[in-house]
Amino acid sequence: MLLHRGMLAMRHLLPGLTEDLLSAGAHRLDTGHLPWLSPYGWMPASDMSYDVYSISRPLLELLVRRHVLALPGVTLRQGIRVDGLGQTGRDWEVRLVDGSRVRVDVVVDAAVDGNDAFGAEFAGGGWWRY
């Protein structure tokens, strides 16, 4: 289930995503017509409502990936072995195992093996950790 606030953020960052989700089979649900069980009991139906979307995570990730890759300046590099990160002035660069370096604005460590490839470089640097 993709909640209203999450959809607003995605709509802002990735225009056209809502339409693609619906075309791919997501279902839009109007919460004003759904019964809600609160700590105080069942809430009555209301004219105040928010749209939420029923969609599988794999399908959502596929469509988000397509939209992100269509953005100008986004490059996907698969199978790259990273040796570390470095900073030169205000610029960041990724050091690859083969000795080359790539200047970057954003790095996403999407390794599924649980390896914390950038832990030492990000520690204490004001980076958000999830």
# chains A, B, ... in the order shown; residues from 1 in each chain; ligands from 1

call {"tool": "select_by_dssp", "arguments": {"residues": "chain A", "states": "alpha helix (DSSP H)", "output": "ChimeraX atom specification"}}
result
/A:4-13,17-23,57-69,119-122

call {"tool": "select_by_dssp", "arguments": {"residues": "chain A", "states": "strand (DSSP E or B)", "output": "ChimeraX atom specification"}}
result
/A:2,27-30,36-38,41-43,51-54,82-88,91-96,101-104

call {"tool": "atom_distance", "arguments": {"atom1": "atom CA of His33 of chain A", "atom2": "atom CA of Ser46 of chain A"}}
result
7.1 Å

call {"tool": "residues_around", "arguments": {"residues": "Met43 of chain A", "least_positions_apart": "3", "cutoff": "12 Å", "atoms": "only C-alpha atoms", "output": "PDB file with N, CA and C atoms, in the first residue's frame"}}
result
ATOM      1  N   THR A  31      -9.885   6.901   0.579  1.00  0.00           N
ATOM      2  CA  THR A  31      -9.994   6.539   1.992  1.00  0.00           C
ATOM      3  C   THR A  31     -11.279   7.033   2.639  1.00  0.00           C
ATOM      4  N   GLY A  32     -11.971   7.979   2.013  1.00  0.00           N
ATOM      5  CA  GLY A  32     -13.233   8.451   2.559  1.00  0.00           C
ATOM      6  C   GLY A  32     -14.311   7.385   2.559  1.00  0.00           C
ATOM      7  N   HIS A  33     -14.139   6.361   1.724  1.00  0.00           N
ATOM      8  CA  HIS A  33     -15.127   5.292   1.631  1.00  0.00           C
ATOM      9  C   HIS A  33     -14.674   4.021   2.355  1.00  0.00           C
ATOM     10  N   LEU A  34     -13.526   4.085   3.019  1.00  0.00           N
ATOM     11  CA  LEU A  34     -13.019   2.912   3.726  1.00  0.00           C
ATOM     12  C   LEU A  34     -13.323   3.019   5.211  1.00  0.00           C
ATOM     13  N   PRO A  35     -13.715   1.923   5.838  1.00  0.00           N
ATOM     14  CA  PRO A  35     -13.877   1.962   7.291  1.00  0.00           C
ATOM     15  C   PRO A  35     -12.493   1.965   7.960  1.00  0.00           C
ATOM     16  N   TRP A  36     -12.325   2.785   8.962  1.00  0.00           N
ATOM     17  CA  TRP A  36     -11.060   2.881   9.697  1.00  0.00           C
ATOM     18  C   TRP A  36     -11.311   2.552  11.157  1.00  0.00           C
ATOM     19  N   LEU A  37     -10.525   1.642  11.691  1.00  0.00           N
ATOM     20  CA  LEU A  37     -10.616   1.303  13.105  1.00  0.00           C
ATOM     21  C   LEU A  37      -9.569   2.120  13.850  1.00  0.00           C
ATOM     22  N   SER A  38     -10.023   3.027  14.691  1.00  0.00           N
ATOM     23  CA  SER A  38      -9.107   3.874  15.461  1.00  0.00           C
ATOM     24  C   SER A  38      -9.103   3.390  16.913  1.00  0.00           C
ATOM     25  N   PRO A  39      -8.254   3.956  17.745  1.00  0.00           N
ATOM     26  CA  PRO A  39      -8.277   3.585  19.169  1.00  0.00           C
ATOM     27  C   PRO A  39      -9.626   3.883  19.827  1.00  0.00           C
ATOM     28  N   TYR A  40     -10.450   4.722  19.188  1.00  0.00           N
ATOM     29  CA  TYR A  40     -11.743   5.104  19.741  1.00  0.00           C
ATOM     30  C   TYR A  40     -12.901   4.366  19.090  1.00  0.00           C
ATOM     31  N   SER A  46     -16.357   9.617   5.527  1.00  0.00           N
ATOM     32  CA  SER A  46     -16.230  11.070   5.570  1.00  0.00           C
ATOM     33  C   SER A  46     -16.011  11.622   4.179  1.00  0.00           C
ATOM     34  N   MET A  48     -13.901  13.992   3.828  1.00  0.00           N
ATOM     35  CA  MET A  48     -12.441  14.195   3.827  1.00  0.00           C
ATOM     36  C   MET A  48     -11.794  12.867   3.482  1.00  0.00           C
TER      37      MET A  48
END

call {"tool": "closest_residue", "arguments": {"among": "A:Ser56, A:Gln87, A:Tyr50, A:His12", "to": "Ala24 of chain A", "atoms": "only C-alpha atoms"}}
result
A:Ser56

call {"tool": "residues_around", "arguments": {"residues": "Val52 of chain A", "least_positions_apart": "6", "cutoff": "6 Å", "atoms": "only C-alpha atoms", "output": "list of chain:residue names"}}
result
A:Leu2, A:Leu3, A:His4, A:Arg28, A:Leu29

call {"tool": "atom_distance", "arguments": {"atom1": "atom CA of Ser23 of chain A", "atom2": "atom CA of Ala9 of chain A"}}
result
19.3 Å

call {"tool": "closest_residue", "arguments": {"among": "A:Ile80, A:Pro44, A:Gly73, A:Leu59", "to": "Val104 of chain A", "atoms": "only C-alpha atoms"}}
result
A:Gly73

call {"tool": "residues_around", "arguments": {"residues": "Leu63 of chain A", "least_positions_apart": "6", "cutoff": "9 Å", "atoms": "only C-alpha atoms", "output": "ChimeraX atom specification"}}
result
/A:17,20-21,24

call {"tool": "write_last_selection", "arguments": {"atoms": "all heavy atoms", "output": "PDB file, in the first residue's frame"}}
result
ATOM      1  N   LEU A  17       4.513   9.430 -12.811  1.00  0.00           N
ATOM      2  CA  LEU A  17       4.561   8.129 -12.145  1.00  0.00           C
ATOM      3  C   LEU A  17       3.161   7.624 -11.791  1.00  0.00           C
ATOM      4  O   LEU A  17       2.863   6.446 -11.963  1.00  0.00           O
ATOM      5  CB  LEU A  17       5.434   8.194 -10.889  1.00  0.00           C
ATOM      6  CG  LEU A  17       5.580   6.879 -10.128  1.00  0.00           C
ATOM      7  CD1 LEU A  17       6.304   5.845 -10.979  1.00  0.00           C
ATOM      8  CD2 LEU A  17       6.312   7.091  -8.815  1.00  0.00           C
ATOM      9  N   ASP A  20       1.552   6.002 -14.702  1.00  0.00           N
ATOM     10  CA  ASP A  20       2.197   4.728 -15.024  1.00  0.00           C
ATOM     11  C   ASP A  20       1.812   3.640 -14.021  1.00  0.00           C
ATOM     12  O   ASP A  20       1.641   2.477 -14.393  1.00  0.00           O
ATOM     13  CB  ASP A  20       3.719   4.887 -15.067  1.00  0.00           C
ATOM     14  CG  ASP A  20       4.188   5.639 -16.299  1.00  0.00           C
ATOM     15  OD1 ASP A  20       3.354   5.898 -17.192  1.00  0.00           O
ATOM     16  OD2 ASP A  20       5.383   5.966 -16.372  1.00  0.00           O
ATOM     17  N   LEU A  21       1.684   4.015 -12.746  1.00  0.00           N
ATOM     18  CA  LEU A  21       1.261   3.038 -11.737  1.00  0.00           C
ATOM     19  C   LEU A  21      -0.127   2.507 -12.053  1.00  0.00           C
ATOM     20  O   LEU A  21      -0.367   1.291 -12.037  1.00  0.00           O
ATOM     21  CB  LEU A  21       1.250   3.676 -10.347  1.00  0.00           C
ATOM     22  CG  LEU A  21       2.592   4.048  -9.728  1.00  0.00           C
ATOM     23  CD1 LEU A  21       2.383   4.793  -8.418  1.00  0.00           C
ATOM     24  CD2 LEU A  21       3.451   2.832  -9.509  1.00  0.00           C
ATOM     25  N   ALA A  24      -0.184   0.265 -15.019  1.00  0.00           N
ATOM     26  CA  ALA A  24       0.455  -1.026 -14.757  1.00  0.00           C
ATOM     27  C   ALA A  24      -0.385  -1.912 -13.834  1.00  0.00           C
ATOM     28  O   ALA A  24       0.003  -3.041 -13.552  1.00  0.00           O
ATOM     29  CB  ALA A  24       1.834  -0.801 -14.149  1.00  0.00           C
TER      30      ALA A  24
END

call {"tool": "residues_around", "arguments": {"residues": "Arg95 of chain A", "least_positions_apart": "4", "cutoff": "8 Å", "atoms": "only C-alpha atoms", "output": "list of chain:residue names"}}
result
A:Val82, A:Asp83, A:Gly84, A:Leu85, A:Gly86, A:Gly99, A:Ser100, A:Arg101, A:Val102

call {"tool": "write_last_selection", "arguments": {"atoms": "N, CA and C atoms", "output": "CSV table (one decimal), in the first residue's frame"}}
result
chain,number,residue,atom,x,y,z
A,82,VAL,N,33.7,-1.0,-6.1
A,82,VAL,CA,34.1,0.3,-5.5
A,82,VAL,C,35.1,0.0,-4.4
A,83,ASP,N,36.2,0.9,-4.5
A,83,ASP,CA,37.2,0.8,-3.5
A,83,ASP,C,37.0,1.8,-2.4
A,84,GLY,N,36.3,2.9,-2.7
A,84,GLY,CA,36.1,3.9,-1.6
A,84,GLY,C,35.6,5.2,-2.2
A,85,LEU,N,35.4,6.2,-1.3
A,85,LEU,CA,35.0,7.5,-1.7
A,85,LEU,C,36.0,8.5,-1.3
A,86,GLY,N,36.1,9.6,-2.1
A,86,GLY,CA,37.0,10.7,-1.7
A,86,GLY,C,36.4,12.0,-2.0
A,99,GLY,N,41.3,1.3,-10.3
A,99,GLY,CA,42.1,2.4,-10.2
A,99,GLY,C,41.5,3.7,-10.8
A,100,SER,N,40.5,3.6,-11.5
A,100,SER,CA,39.9,4.8,-12.1
A,100,SER,C,39.0,5.5,-11.0
A,101,ARG,N,38.7,6.7,-11.3
A,101,ARG,CA,37.9,7.6,-10.4
A,101,ARG,C,36.8,8.2,-11.2
A,102,VAL,N,35.6,8.3,-10.6
A,102,VAL,CA,34.4,8.9,-11.2
A,102,VAL,C,33.9,10.0,-10.3
